[in-house]
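Enquirer: This is my_file_20.pdb, which holds PDB, C-alpha atoms, pLDDT in the B column:
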ATOM      1  CA  MET Z 283       9.800 -30.291 -16.795  1.00 47.00           C
ATOM      2  CA  ARG Z 284       8.068 -26.956 -16.155  1.00 48.00           C
ATOM      3  CA  ARG Z 285       6.759 -26.235 -12.729  1.00 50.00           C
ATOM      4  CA  PRO Z 286       4.107 -23.511 -13.037  1.00 49.00           C
ATOM      5  CA  LEU Z 287       3.506 -23.301  -9.296  1.00 46.00           C
ATOM      6  CA  ARG Z 288       7.166 -22.557  -8.658  1.00 50.00           C
ATOM      7  CA  ALA Z 289       7.178 -19.974 -11.424  1.00 49.00           C
ATOM      8  CA  ALA Z 290       4.271 -18.306  -9.636  1.00 48.00           C
ATOM      9  CA  GLY Z 291       6.250 -18.208  -6.378  1.00 51.00           C
ATOM     10  CA  CYS Z 292       4.747 -21.323  -4.763  1.00 50.00           C
ATOM     11  CA  PHE Z 293       7.578 -23.490  -3.467  1.00 55.00           C
ATOM     12  CA  SER Z 294       5.494 -25.765  -1.275  1.00 54.00           C
ATOM     13  CA  PRO Z 295       1.945 -27.081  -1.702  1.00 55.00           C
ATOM     14  CA  LEU Z 296       0.965 -25.752   1.736  1.00 53.00           C
ATOM     15  CA  ARG Z 297       2.091 -22.236   0.848  1.00 54.00           C
ATOM     16  CA  CYS Z 298       0.174 -22.382  -2.454  1.00 50.00           C
ATOM     17  CA  ARG Z 299      -3.005 -23.541  -0.743  1.00 55.00           C
ATOM     18  CA  ALA Z 300      -2.693 -20.775   1.839  1.00 52.00           C
ATOM     19  CA  ALA Z 301      -2.162 -18.155  -0.879  1.00 51.00           C
ATOM     20  CA  ALA Z 302      -5.139 -19.431  -2.854  1.00 52.00           C
ATOM     21  CA  ALA Z 303      -7.359 -19.346   0.233  1.00 54.00           C
ATOM     22  CA  ALA Z 304      -6.383 -15.795   1.219  1.00 53.00           C
ATOM     23  CA  PRO Z 305      -9.256 -13.338   0.774  1.00 56.00           C
ATOM     24  CA  ILE Z 306      -8.898 -10.695  -1.911  1.00 50.00           C
ATOM     25  CA  ARG Z 307     -10.449  -7.307  -1.231  1.00 55.00           C
ATOM     26  CA  ALA Z 308     -12.485  -5.985  -4.105  1.00 50.00           C
ATOM     27  CA  GLN Z 309     -11.481  -2.687  -5.638  1.00 51.00           C
ATOM     28  CA  ALA Z 310     -13.764   0.231  -4.880  1.00 52.00           C
ATOM     29  CA  PRO Z 311     -16.430   0.760  -7.566  1.00 54.00           C
ATOM     30  CA  SER Z 312     -15.122   4.236  -8.329  1.00 67.00           C
ATOM     31  CA  GLY Z 313     -11.776   2.819  -9.438  1.00 84.00           C
ATOM     32  CA  THR Z 314      -9.886   4.450  -6.581  1.00 88.00           C
ATOM     33  CA  VAL Z 315      -7.566   2.543  -4.307  1.00 93.00           C
ATOM     34  CA  SER Z 316      -6.521   3.209  -0.718  1.00 96.00           C
ATOM     35  CA  ILE Z 317      -2.731   2.999  -0.611  1.00 97.00           C
ATOM     36  CA  GLY Z 318      -0.597   2.762   2.508  1.00 97.00           C
ATOM     37  CA  ILE Z 319       2.984   3.997   2.188  1.00 97.00           C
ATOM     38  CA  ILE Z 320       5.346   2.901   4.947  1.00 96.00           C
ATOM     39  CA  GLY Z 321       8.608   4.786   4.609  1.00 91.00           C
ATOM     40  CA  ALA Z 322       7.461   8.008   3.001  1.00 87.00           C
ATOM     41  CA  GLY Z 323      10.819   9.572   2.182  1.00 88.00           C
ATOM     42  CA  ASN Z 324      11.801  10.801  -1.282  1.00 91.00           C
ATOM     43  CA  ILE Z 325      10.413   7.816  -3.177  1.00 94.00           C
ATOM     44  CA  GLY Z 326       7.325   7.258  -1.022  1.00 94.00           C
ATOM     45  CA  GLY Z 327       6.521  10.980  -0.942  1.00 94.00           C
ATOM     46  CA  THR Z 328       6.803  11.264  -4.721  1.00 95.00           C
ATOM     47  CA  LEU Z 329       4.520   8.268  -5.244  1.00 96.00           C
ATOM     48  CA  ALA Z 330       2.032   9.695  -2.729  1.00 96.00           C
ATOM     49  CA  ARG Z 331       1.974  12.952  -4.698  1.00 96.00           C
ATOM     50  CA  LEU Z 332       1.331  11.108  -7.977  1.00 96.00           C
ATOM     51  CA  TRP Z 333      -1.327   8.821  -6.514  1.00 96.00           C
ATOM     52  CA  THR Z 334      -3.276  11.626  -4.833  1.00 97.00           C
ATOM     53  CA  ARG Z 335      -3.221  13.573  -8.110  1.00 96.00           C
ATOM     54  CA  ALA Z 336      -4.726  10.468  -9.723  1.00 95.00           C
ATOM     55  CA  GLY Z 337      -7.522  10.504  -7.117  1.00 96.00           C
ATOM     56  CA  HIS Z 338      -6.353   7.717  -4.806  1.00 96.00           C
ATOM     57  CA  ARG Z 339      -6.401   7.966  -1.001  1.00 97.00           C
ATOM     58  CA  VAL Z 340      -3.015   7.530   0.671  1.00 98.00           C
ATOM     59  CA  MET Z 341      -1.854   7.130   4.252  1.00 97.00           C
ATOM     60  CA  LEU Z 342       1.783   7.951   4.989  1.00 97.00           C
ATOM     61  CA  SER Z 343       3.944   6.459   7.714  1.00 96.00           C
ATOM     62  CA  SER Z 344       7.596   6.647   8.718  1.00 91.00           C
ATOM     63  CA  ARG Z 345       9.818   6.514  11.775  1.00 88.00           C
ATOM     64  CA  HIS Z 346       9.120  10.232  12.237  1.00 87.00           C
ATOM     65  CA  PRO Z 347       5.387  10.717  11.551  1.00 85.00           C
ATOM     66  CA  ASN Z 348       5.404  14.357  12.712  1.00 88.00           C
ATOM     67  CA  ARG Z 349       7.633  15.220   9.751  1.00 89.00           C
ATOM     68  CA  LEU Z 350       4.969  13.881   7.371  1.00 93.00           C
ATOM     69  CA  ARG Z 351       2.159  16.169   8.503  1.00 93.00           C
ATOM     70  CA  GLY Z 352       3.358  18.988   6.226  1.00 94.00           C
ATOM     71  CA  LEU Z 353       3.483  16.649   3.227  1.00 95.00           C
ATOM     72  CA  ALA Z 354       0.009  15.304   3.993  1.00 96.00           C
ATOM     73  CA  ALA Z 355      -1.339  18.865   4.265  1.00 96.00           C
ATOM     74  CA  GLU Z 356       0.317  19.750   0.943  1.00 96.00           C
ATOM     75  CA  LEU Z 357      -1.240  16.705  -0.750  1.00 97.00           C
ATOM     76  CA  GLY Z 358      -4.729  17.639   0.396  1.00 97.00           C
ATOM     77  CA  PRO Z 359      -7.735  15.758   1.757  1.00 97.00           C
ATOM     78  CA  LEU Z 360      -6.818  12.451   0.111  1.00 97.00           C
ATOM     79  CA  ALA Z 361      -3.663  12.146   2.252  1.00 97.00           C
ATOM     80  CA  SER Z 362      -3.316  11.325   5.936  1.00 97.00           C
ATOM     81  CA  VAL Z 363      -0.614  10.213   8.382  1.00 97.00           C
ATOM     82  CA  GLY Z 364      -0.698   7.129  10.600  1.00 95.00           C
ATOM     83  CA  THR Z 365       1.412   4.622  12.460  1.00 93.00           C
ATOM     84  CA  PRO Z 366       2.874   1.728  10.455  1.00 93.00           C
ATOM     85  CA  ALA Z 367       0.129  -0.573  11.812  1.00 94.00           C
ATOM     86  CA  GLU Z 368      -2.624   1.897  10.886  1.00 95.00           C
ATOM     87  CA  THR Z 369      -1.095   2.400   7.447  1.00 95.00           C
ATOM     88  CA  ALA Z 370      -0.906  -1.336   6.761  1.00 94.00           C
ATOM     89  CA  ALA Z 371      -4.550  -1.805   7.818  1.00 96.00           C
ATOM     90  CA  PHE Z 372      -5.668   1.235   5.779  1.00 95.00           C
ATOM     91  CA  GLY Z 373      -4.363   0.191   2.392  1.00 89.00           C
ATOM     92  CA  ASP Z 374      -5.930  -1.949  -0.299  1.00 94.00           C
ATOM     93  CA  ALA Z 375      -2.289  -1.904  -1.388  1.00 95.00           C
ATOM     94  CA  VAL Z 376       0.685  -1.222   0.885  1.00 95.00           C
ATOM     95  CA  LEU Z 377       4.089  -0.011  -0.292  1.00 95.00           C
ATOM     96  CA  VAL Z 378       7.066  -0.490   2.020  1.00 95.00           C
ATOM     97  CA  VAL Z 379      10.013   1.650   0.970  1.00 90.00           C
TER      98      VAL Z 379
END
Could you write out this structure as structure tokens?
Expert:
Amino acid sequence: MRRPLRAAGCFSPLRCRAAAAAPIRAQAPSGTVSIGIIGAGNIGGTLARLWTRAGHRVMLSSRHPNRLRGLAAELGPLASVGTPAETAAFGDAVLVV
């Protein structure tokens, strides 16, 4: 017997109801997305570079935020640096690397 809820990652009815009730933020009308990147090393930095080139706003965070200021300056006005909490709150999508 197939269990579509389990295939979708819902292993208990309470968890499925909570997921279904969670609010979904609408995407900005311009098609851009605010993306938080927690752990902006090689992988996170590369993705930040690609996403800013595509016109998306990114906020970078790591254990050493001062080291990210140069990368944010290189990426331009669409990039900023914040604490992990600020980065998580900033993003329509959040990547943890």
Enquirer: Quick one: residues within 7 Å of Ala330 in chain Z, only C-alpha atoms, excluding same-chain residues fewer than 4 positions away - as a VMD selection string?
Expert: chain Z and resid 326 334 340
Enquirer: Using only C-alpha atoms, find the one residue out of Z:Asn348, Z:Ser343, Z:Thr369, Z:Thr328 that sits nearest to Ser316 in chain Z.
Expert: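 The answer is Z:Thr369, which sits nearest to Ser316 in chain Z.
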Enquirer: Can you work out the spacing between CA of Ala375 in chain Z and CA of Val315 in chain Z in Å, to one decimal?
Expert: 7.5 Å
Enquirer: For the file shown, report as JSON, numbers by chain the outcome of the PyMOL selection byres ((chain Z and resi 362) around 10) at residue level.
Expert: {"Z": [318, 339, 340, 341, 342, 343, 350, 351, 353, 354, 355, 357, 358, 359, 360, 361, 363, 364, 369]}
Enquirer: Keeping C-alpha atoms for every residue in the selection just given, could you write it to a file as a PDB file, in the coordinates of the input?
Expert:
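Output contents, as saved in result.pdb:
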ATOM      1  CA  GLY Z 318      -0.597   2.762   2.508  1.00 97.00           C
ATOM      2  CA  ARG Z 339      -6.401   7.966  -1.001  1.00 97.00           C
ATOM      3  CA  VAL Z 340      -3.015   7.530   0.671  1.00 98.00           C
ATOM      4  CA  MET Z 341      -1.854   7.130   4.252  1.00 97.00           C
ATOM      5  CA  LEU Z 342       1.783   7.951   4.989  1.00 97.00           C
ATOM      6  CA  SER Z 343       3.944   6.459   7.714  1.00 96.00           C
ATOM      7  CA  LEU Z 350       4.969  13.881   7.371  1.00 93.00           C
ATOM      8  CA  ARG Z 351       2.159  16.169   8.503  1.00 93.00           C
ATOM      9  CA  LEU Z 353       3.483  16.649   3.227  1.00 95.00           C
ATOM     10  CA  ALA Z 354       0.009  15.304   3.993  1.00 96.00           C
ATOM     11  CA  ALA Z 355      -1.339  18.865   4.265  1.00 96.00           C
ATOM     12  CA  LEU Z 357      -1.240  16.705  -0.750  1.00 97.00           C
ATOM     13  CA  GLY Z 358      -4.729  17.639   0.396  1.00 97.00           C
ATOM     14  CA  PRO Z 359      -7.735  15.758   1.757  1.00 97.00           C
ATOM     15  CA  LEU Z 360      -6.818  12.451   0.111  1.00 97.00           C
ATOM     16  CA  ALA Z 361      -3.663  12.146   2.252  1.00 97.00           C
ATOM     17  CA  VAL Z 363      -0.614  10.213   8.382  1.00 97.00           C
ATOM     18  CA  GLY Z 364      -0.698   7.129  10.600  1.00 95.00           C
ATOM     19  CA  THR Z 369      -1.095   2.400   7.447  1.00 95.00           C
TER      20      THR Z 369
END
Enquirer: Distance CA of Val378 in chain Z-CA of Ile319 in chain Z, one decimal place?
Expert: 6.1 Å
Enquirer: To one decimal place, how far is CA of Gly313 in chain Z from CA of Glu356 in chain Z in Å?
Expert: 23.3 Å
Enquirer: Counting only C-alpha atoms, which residue out of Z:Gly321, Z:Gly337, Z:Pro347, Z:Gly352 sits closest to Leu377 in chain Z?
Expert: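 The answer is Z:Gly321, which sits nearest to Leu377 in chain Z.
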Enquirer: Identify which of the residues Z:His346, Z:Ala367, Z:Asp374, Z:Ile317 lies closest to Leu332 in chain Z, counting all atoms listed in the file when measuring atom-to-atom distances.
Expert: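 Between Z:His346, Z:Ala367, Z:Asp374, Z:Ile317, the residue approaching Leu332 in chain Z most closely is Z:Ile317.
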Enquirer: Which residue out of Z:Ser344, Z:Val379, Z:His338, Z:Arg331 has the minimum interatomic distance to Pro366 in chain Z when only C-alpha atoms are used?
Expert: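 Of Z:Ser344, Z:Val379, Z:His338, Z:Arg331, the one nearest Pro366 in chain Z is Z:Ser344, counting only C-alpha atoms.
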